[in-house]
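Notes follow once the structure below has been shown.
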Amino acid sequence: MPRLLRVGGALVIIYSRSRGPLSLAALRVHTRSPFPPPPTARMMCGAPSATQPATAETQAIADQVRSQLEEKENKKFPIFKAVEFRSQVVAGTNHFIKVQVGDDDFVHIRVFKSLPHENKPPALSSYQTNKARHDELSYF
């Protein structure tokens with residue numbers, strides 16, 4: 001018959017293979033913590049991810065909204081290279097991307113990618129210009 005013990009906030013279930021007195025050799029101990037793993041172990045719903053180096057997928061997403069940004073800024077960018085990104089799962093995904101648009105010029109863009117069943121292209125939600133390489137990529 002299992003015995004239940006509470007040890008420091010964790011529920012410990014002890015199983016014994018024999019009916020006699022408990023011996024250490026005959027025990028199996030299972031712990032179940034009432035607390036979830038720390039936030040570093042998994043992404044929290046609705047919270048932006050940590051900043052990461054840009055991937056080929058990030059560059060593809062940035063390329064899809066390049067013309068929208070150039071139209072809003074009324075200029076063509078000689079360079080359009082995704083440098084780093086964060087993402088946030090909402091009813092779709094927000095992609096926060098730092099894009100190099102000149103030698104020392106950067107733009108932070110927020111791109112919303114809707115859920116697949118909506119069949120919509122990525123949309124430029126907002127952007128911040130006049131950023132530098134060392135500026136932290138914020139979510140806005």
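Residue numbering restarts at 1 for every chain of the structure tokens, chains are lettered A, B, ... in their displayed order, and ligands are numbered from 1 as they appear.
Near Arg86 (chain A), within 10 Å and counting only C-alpha atoms, sit Pro48, Ser49, Ala50, Thr51, Gln52, Pro53, Ala54, Thr58, Asn94, His95, Phe96, Ile97, Lys98, Arg110, Leu137, Ser138 and Tyr139 of chain A, not including residues fewer than 6 positions from it in the same chain.
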10 Å contact set for Pro121 (chain A), only C-alpha atoms, chain neighbours under 2 positions out, as a PDB file with all heavy atoms, in the first residue's frame:
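around_10.pdb, freshly written:
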```
ATOM      1  N   ILE A  61      10.713  36.051 -43.135  1.00  0.00           N
ATOM      2  CA  ILE A  61       9.591  36.842 -42.614  1.00  0.00           C
ATOM      3  C   ILE A  61       9.865  38.326 -42.822  1.00  0.00           C
ATOM      4  O   ILE A  61       8.996  39.077 -43.268  1.00  0.00           O
ATOM      5  CB  ILE A  61       9.350  36.527 -41.123  1.00  0.00           C
ATOM      6  CG1 ILE A  61       8.842  35.093 -40.965  1.00  0.00           C
ATOM      7  CG2 ILE A  61       8.370  37.516 -40.498  1.00  0.00           C
ATOM      8  CD1 ILE A  61       8.860  34.572 -39.540  1.00  0.00           C
ATOM      9  N   GLN A  64       9.382  39.421 -46.389  1.00  0.00           N
ATOM     10  CA  GLN A  64       7.980  39.513 -46.803  1.00  0.00           C
ATOM     11  C   GLN A  64       7.350  40.865 -46.479  1.00  0.00           C
ATOM     12  O   GLN A  64       6.354  41.233 -47.087  1.00  0.00           O
ATOM     13  CB  GLN A  64       7.163  38.386 -46.171  1.00  0.00           C
ATOM     14  CG  GLN A  64       7.476  37.026 -46.774  1.00  0.00           C
ATOM     15  CD  GLN A  64       6.680  35.922 -46.132  1.00  0.00           C
ATOM     16  OE1 GLN A  64       6.728  35.726 -44.919  1.00  0.00           O
ATOM     17  NE2 GLN A  64       5.942  35.188 -46.935  1.00  0.00           N
ATOM     18  N   VAL A  65       7.896  41.594 -45.504  1.00  0.00           N
ATOM     19  CA  VAL A  65       7.322  42.898 -45.149  1.00  0.00           C
ATOM     20  C   VAL A  65       8.235  44.063 -45.545  1.00  0.00           C
ATOM     21  O   VAL A  65       7.931  45.212 -45.250  1.00  0.00           O
ATOM     22  CB  VAL A  65       6.980  42.980 -43.637  1.00  0.00           C
ATOM     23  CG1 VAL A  65       5.931  41.953 -43.265  1.00  0.00           C
ATOM     24  CG2 VAL A  65       8.210  42.849 -42.777  1.00  0.00           C
ATOM     25  N   PHE A 112       3.279  40.612 -37.657  1.00  0.00           N
ATOM     26  CA  PHE A 112       2.265  39.688 -37.162  1.00  0.00           C
ATOM     27  C   PHE A 112       2.014  38.625 -38.218  1.00  0.00           C
ATOM     28  O   PHE A 112       1.710  38.934 -39.374  1.00  0.00           O
ATOM     29  CB  PHE A 112       0.949  40.403 -36.842  1.00  0.00           C
ATOM     30  CG  PHE A 112      -0.128  39.452 -36.384  1.00  0.00           C
ATOM     31  CD1 PHE A 112      -0.059  38.870 -35.125  1.00  0.00           C
ATOM     32  CD2 PHE A 112      -1.177  39.116 -37.219  1.00  0.00           C
ATOM     33  CE1 PHE A 112      -1.039  37.972 -34.699  1.00  0.00           C
ATOM     34  CE2 PHE A 112      -2.155  38.223 -36.805  1.00  0.00           C
ATOM     35  CZ  PHE A 112      -2.089  37.657 -35.539  1.00  0.00           C
ATOM     36  N   LYS A 113       2.164  37.376 -37.819  1.00  0.00           N
ATOM     37  CA  LYS A 113       1.889  36.245 -38.703  1.00  0.00           C
ATOM     38  C   LYS A 113       0.667  35.539 -38.140  1.00  0.00           C
ATOM     39  O   LYS A 113       0.713  34.993 -37.036  1.00  0.00           O
ATOM     40  CB  LYS A 113       3.109  35.324 -38.741  1.00  0.00           C
ATOM     41  CG  LYS A 113       3.101  34.343 -39.857  1.00  0.00           C
ATOM     42  CD  LYS A 113       4.463  33.651 -39.945  1.00  0.00           C
ATOM     43  CE  LYS A 113       4.450  32.643 -41.067  1.00  0.00           C
ATOM     44  NZ  LYS A 113       5.708  31.899 -41.115  1.00  0.00           N
ATOM     45  N   SER A 114      -0.426  35.569 -38.900  1.00  0.00           N
ATOM     46  CA  SER A 114      -1.680  35.002 -38.411  1.00  0.00           C
ATOM     47  C   SER A 114      -1.639  33.477 -38.428  1.00  0.00           C
ATOM     48  O   SER A 114      -0.715  32.855 -38.956  1.00  0.00           O
ATOM     49  CB  SER A 114      -2.848  35.503 -39.258  1.00  0.00           C
ATOM     50  OG  SER A 114      -2.685  35.066 -40.596  1.00  0.00           O
ATOM     51  N   LEU A 115      -2.656  32.886 -37.832  1.00  0.00           N
ATOM     52  CA  LEU A 115      -2.762  31.428 -37.790  1.00  0.00           C
ATOM     53  C   LEU A 115      -2.947  30.880 -39.209  1.00  0.00           C
ATOM     54  O   LEU A 115      -3.538  31.551 -40.066  1.00  0.00           O
ATOM     55  CB  LEU A 115      -3.933  31.025 -36.902  1.00  0.00           C
ATOM     56  CG  LEU A 115      -3.777  31.406 -35.418  1.00  0.00           C
ATOM     57  CD1 LEU A 115      -5.077  31.174 -34.669  1.00  0.00           C
ATOM     58  CD2 LEU A 115      -2.637  30.629 -34.782  1.00  0.00           C
ATOM     59  N   PRO A 116      -2.441  29.685 -39.478  1.00  0.00           N
ATOM     60  CA  PRO A 116      -2.481  29.137 -40.839  1.00  0.00           C
ATOM     61  C   PRO A 116      -3.872  29.078 -41.475  1.00  0.00           C
ATOM     62  O   PRO A 116      -4.006  29.336 -42.671  1.00  0.00           O
ATOM     63  CB  PRO A 116      -1.905  27.728 -40.668  1.00  0.00           C
ATOM     64  CG  PRO A 116      -1.095  27.782 -39.431  1.00  0.00           C
ATOM     65  CD  PRO A 116      -1.751  28.800 -38.545  1.00  0.00           C
ATOM     66  N   GLU A 118      -6.206  31.097 -41.343  1.00  0.00           N
ATOM     67  CA  GLU A 118      -6.675  32.415 -41.788  1.00  0.00           C
ATOM     68  C   GLU A 118      -6.154  32.760 -43.174  1.00  0.00           C
ATOM     69  O   GLU A 118      -6.663  33.663 -43.823  1.00  0.00           O
ATOM     70  CB  GLU A 118      -6.290  33.488 -40.773  1.00  0.00           C
ATOM     71  CG  GLU A 118      -7.006  33.323 -39.449  1.00  0.00           C
ATOM     72  CD  GLU A 118      -6.603  34.367 -38.425  1.00  0.00           C
ATOM     73  OE1 GLU A 118      -5.838  35.295 -38.756  1.00  0.00           O
ATOM     74  OE2 GLU A 118      -7.058  34.253 -37.278  1.00  0.00           O
ATOM     75  N   ASN A 119      -5.090  32.068 -43.605  1.00  0.00           N
ATOM     76  CA  ASN A 119      -4.562  32.236 -44.957  1.00  0.00           C
ATOM     77  C   ASN A 119      -4.210  33.684 -45.300  1.00  0.00           C
ATOM     78  O   ASN A 119      -4.527  34.163 -46.381  1.00  0.00           O
ATOM     79  CB  ASN A 119      -5.569  31.689 -45.965  1.00  0.00           C
ATOM     80  CG  ASN A 119      -4.923  30.754 -46.948  1.00  0.00           C
ATOM     81  OD1 ASN A 119      -3.757  30.409 -46.803  1.00  0.00           O
ATOM     82  ND2 ASN A 119      -5.670  30.338 -47.941  1.00  0.00           N
ATOM     83  N   ALA A 123       2.084  40.639 -41.784  1.00  0.00           N
ATOM     84  CA  ALA A 123       1.804  42.065 -41.876  1.00  0.00           C
ATOM     85  C   ALA A 123       2.742  42.845 -40.962  1.00  0.00           C
ATOM     86  O   ALA A 123       2.988  42.427 -39.826  1.00  0.00           O
ATOM     87  CB  ALA A 123       0.358  42.341 -41.497  1.00  0.00           C
ATOM     88  N   LEU A 124       3.251  43.961 -41.449  1.00  0.00           N
ATOM     89  CA  LEU A 124       4.071  44.860 -40.639  1.00  0.00           C
ATOM     90  C   LEU A 124       3.134  45.590 -39.679  1.00  0.00           C
ATOM     91  O   LEU A 124       2.309  46.395 -40.105  1.00  0.00           O
ATOM     92  CB  LEU A 124       4.813  45.851 -41.540  1.00  0.00           C
ATOM     93  CG  LEU A 124       5.698  46.869 -40.832  1.00  0.00           C
ATOM     94  CD1 LEU A 124       6.882  46.183 -40.162  1.00  0.00           C
ATOM     95  CD2 LEU A 124       6.197  47.912 -41.834  1.00  0.00           C
TER      96      LEU A 124
END
```
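Comparing A:Pro78, A:Gln68, A:Val107, A:Ala47 by their smallest distance to Thr93 (chain A), the closest is A:Ala47 (using only C-alpha atoms).
The shortest atom-to-atom distance to Asp135 (chain A), with only C-alpha atoms taken into account, belongs to A:Glu84 out of A:Asp103, A:Glu57, A:Glu73, A:Glu84.
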(message) Using DSSP assignments from the backbone, pull out every residue in region 39-113 of chain A that falls under strand (DSSP E or B) and give it to me as a PyMOL selection string.
(response) chain A and resi 52-53+81-90+92-100+106-113
Store the residues of this selection in a file with C-alpha atoms, as a PDB file, in the first residue's frame.
```
ATOM      1  CA  GLN A  52      18.036  35.006 -30.370  1.00  0.00           C
ATOM      2  CA  PRO A  53      20.245  35.332 -33.469  1.00  0.00           C
ATOM      3  CA  LYS A  81      19.424  41.824 -43.071  1.00  0.00           C
ATOM      4  CA  ALA A  82      17.685  40.324 -40.048  1.00  0.00           C
ATOM      5  CA  VAL A  83      20.143  40.305 -37.130  1.00  0.00           C
ATOM      6  CA  GLU A  84      18.173  39.035 -34.135  1.00  0.00           C
ATOM      7  CA  PHE A  85      14.592  38.329 -33.131  1.00  0.00           C
ATOM      8  CA  ARG A  86      12.092  37.560 -30.406  1.00  0.00           C
ATOM      9  CA  SER A  87       8.697  35.967 -30.875  1.00  0.00           C
ATOM     10  CA  GLN A  88       5.435  36.066 -28.958  1.00  0.00           C
ATOM     11  CA  VAL A  89       2.595  33.600 -29.369  1.00  0.00           C
ATOM     12  CA  VAL A  90      -0.786  35.330 -29.332  1.00  0.00           C
ATOM     13  CA  GLY A  92      -0.973  34.043 -34.234  1.00  0.00           C
ATOM     14  CA  THR A  93       2.655  35.081 -33.702  1.00  0.00           C
ATOM     15  CA  ASN A  94       4.310  38.461 -33.254  1.00  0.00           C
ATOM     16  CA  HIS A  95       7.875  38.499 -34.560  1.00  0.00           C
ATOM     17  CA  PHE A  96      10.076  41.307 -33.201  1.00  0.00           C
ATOM     18  CA  ILE A  97      13.039  41.580 -35.558  1.00  0.00           C
ATOM     19  CA  LYS A  98      16.125  43.812 -35.535  1.00  0.00           C
ATOM     20  CA  VAL A  99      16.995  44.518 -39.173  1.00  0.00           C
ATOM     21  CA  GLN A 100      20.198  46.104 -40.473  1.00  0.00           C
ATOM     22  CA  PHE A 106      19.000  49.442 -37.808  1.00  0.00           C
ATOM     23  CA  VAL A 107      15.222  49.223 -37.670  1.00  0.00           C
ATOM     24  CA  HIS A 108      13.116  47.239 -35.199  1.00  0.00           C
ATOM     25  CA  ILE A 109      10.042  45.774 -36.846  1.00  0.00           C
ATOM     26  CA  ARG A 110       7.054  43.920 -35.449  1.00  0.00           C
ATOM     27  CA  VAL A 111       5.532  41.459 -37.888  1.00  0.00           C
ATOM     28  CA  PHE A 112       2.265  39.688 -37.162  1.00  0.00           C
ATOM     29  CA  LYS A 113       1.889  36.245 -38.703  1.00  0.00           C
TER      30      LYS A 113
END
```
(message) Just to confirm, what's the straight-line distance from CA of Lys120 (chain A) to CA of Asp63 (chain A) in Å (one decimal)?
(response) 15.6 Å
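Between CA of Ser126 (chain A) and CA of Lys75 (chain A) the interatomic distance comes to 16.6 Å.
For the choices A:Leu69, A:Ala91, A:Ala62, A:Ile79, the atom-to-atom distance to His117 (chain A) is smallest for A:Ala91 when using only C-alpha atoms.
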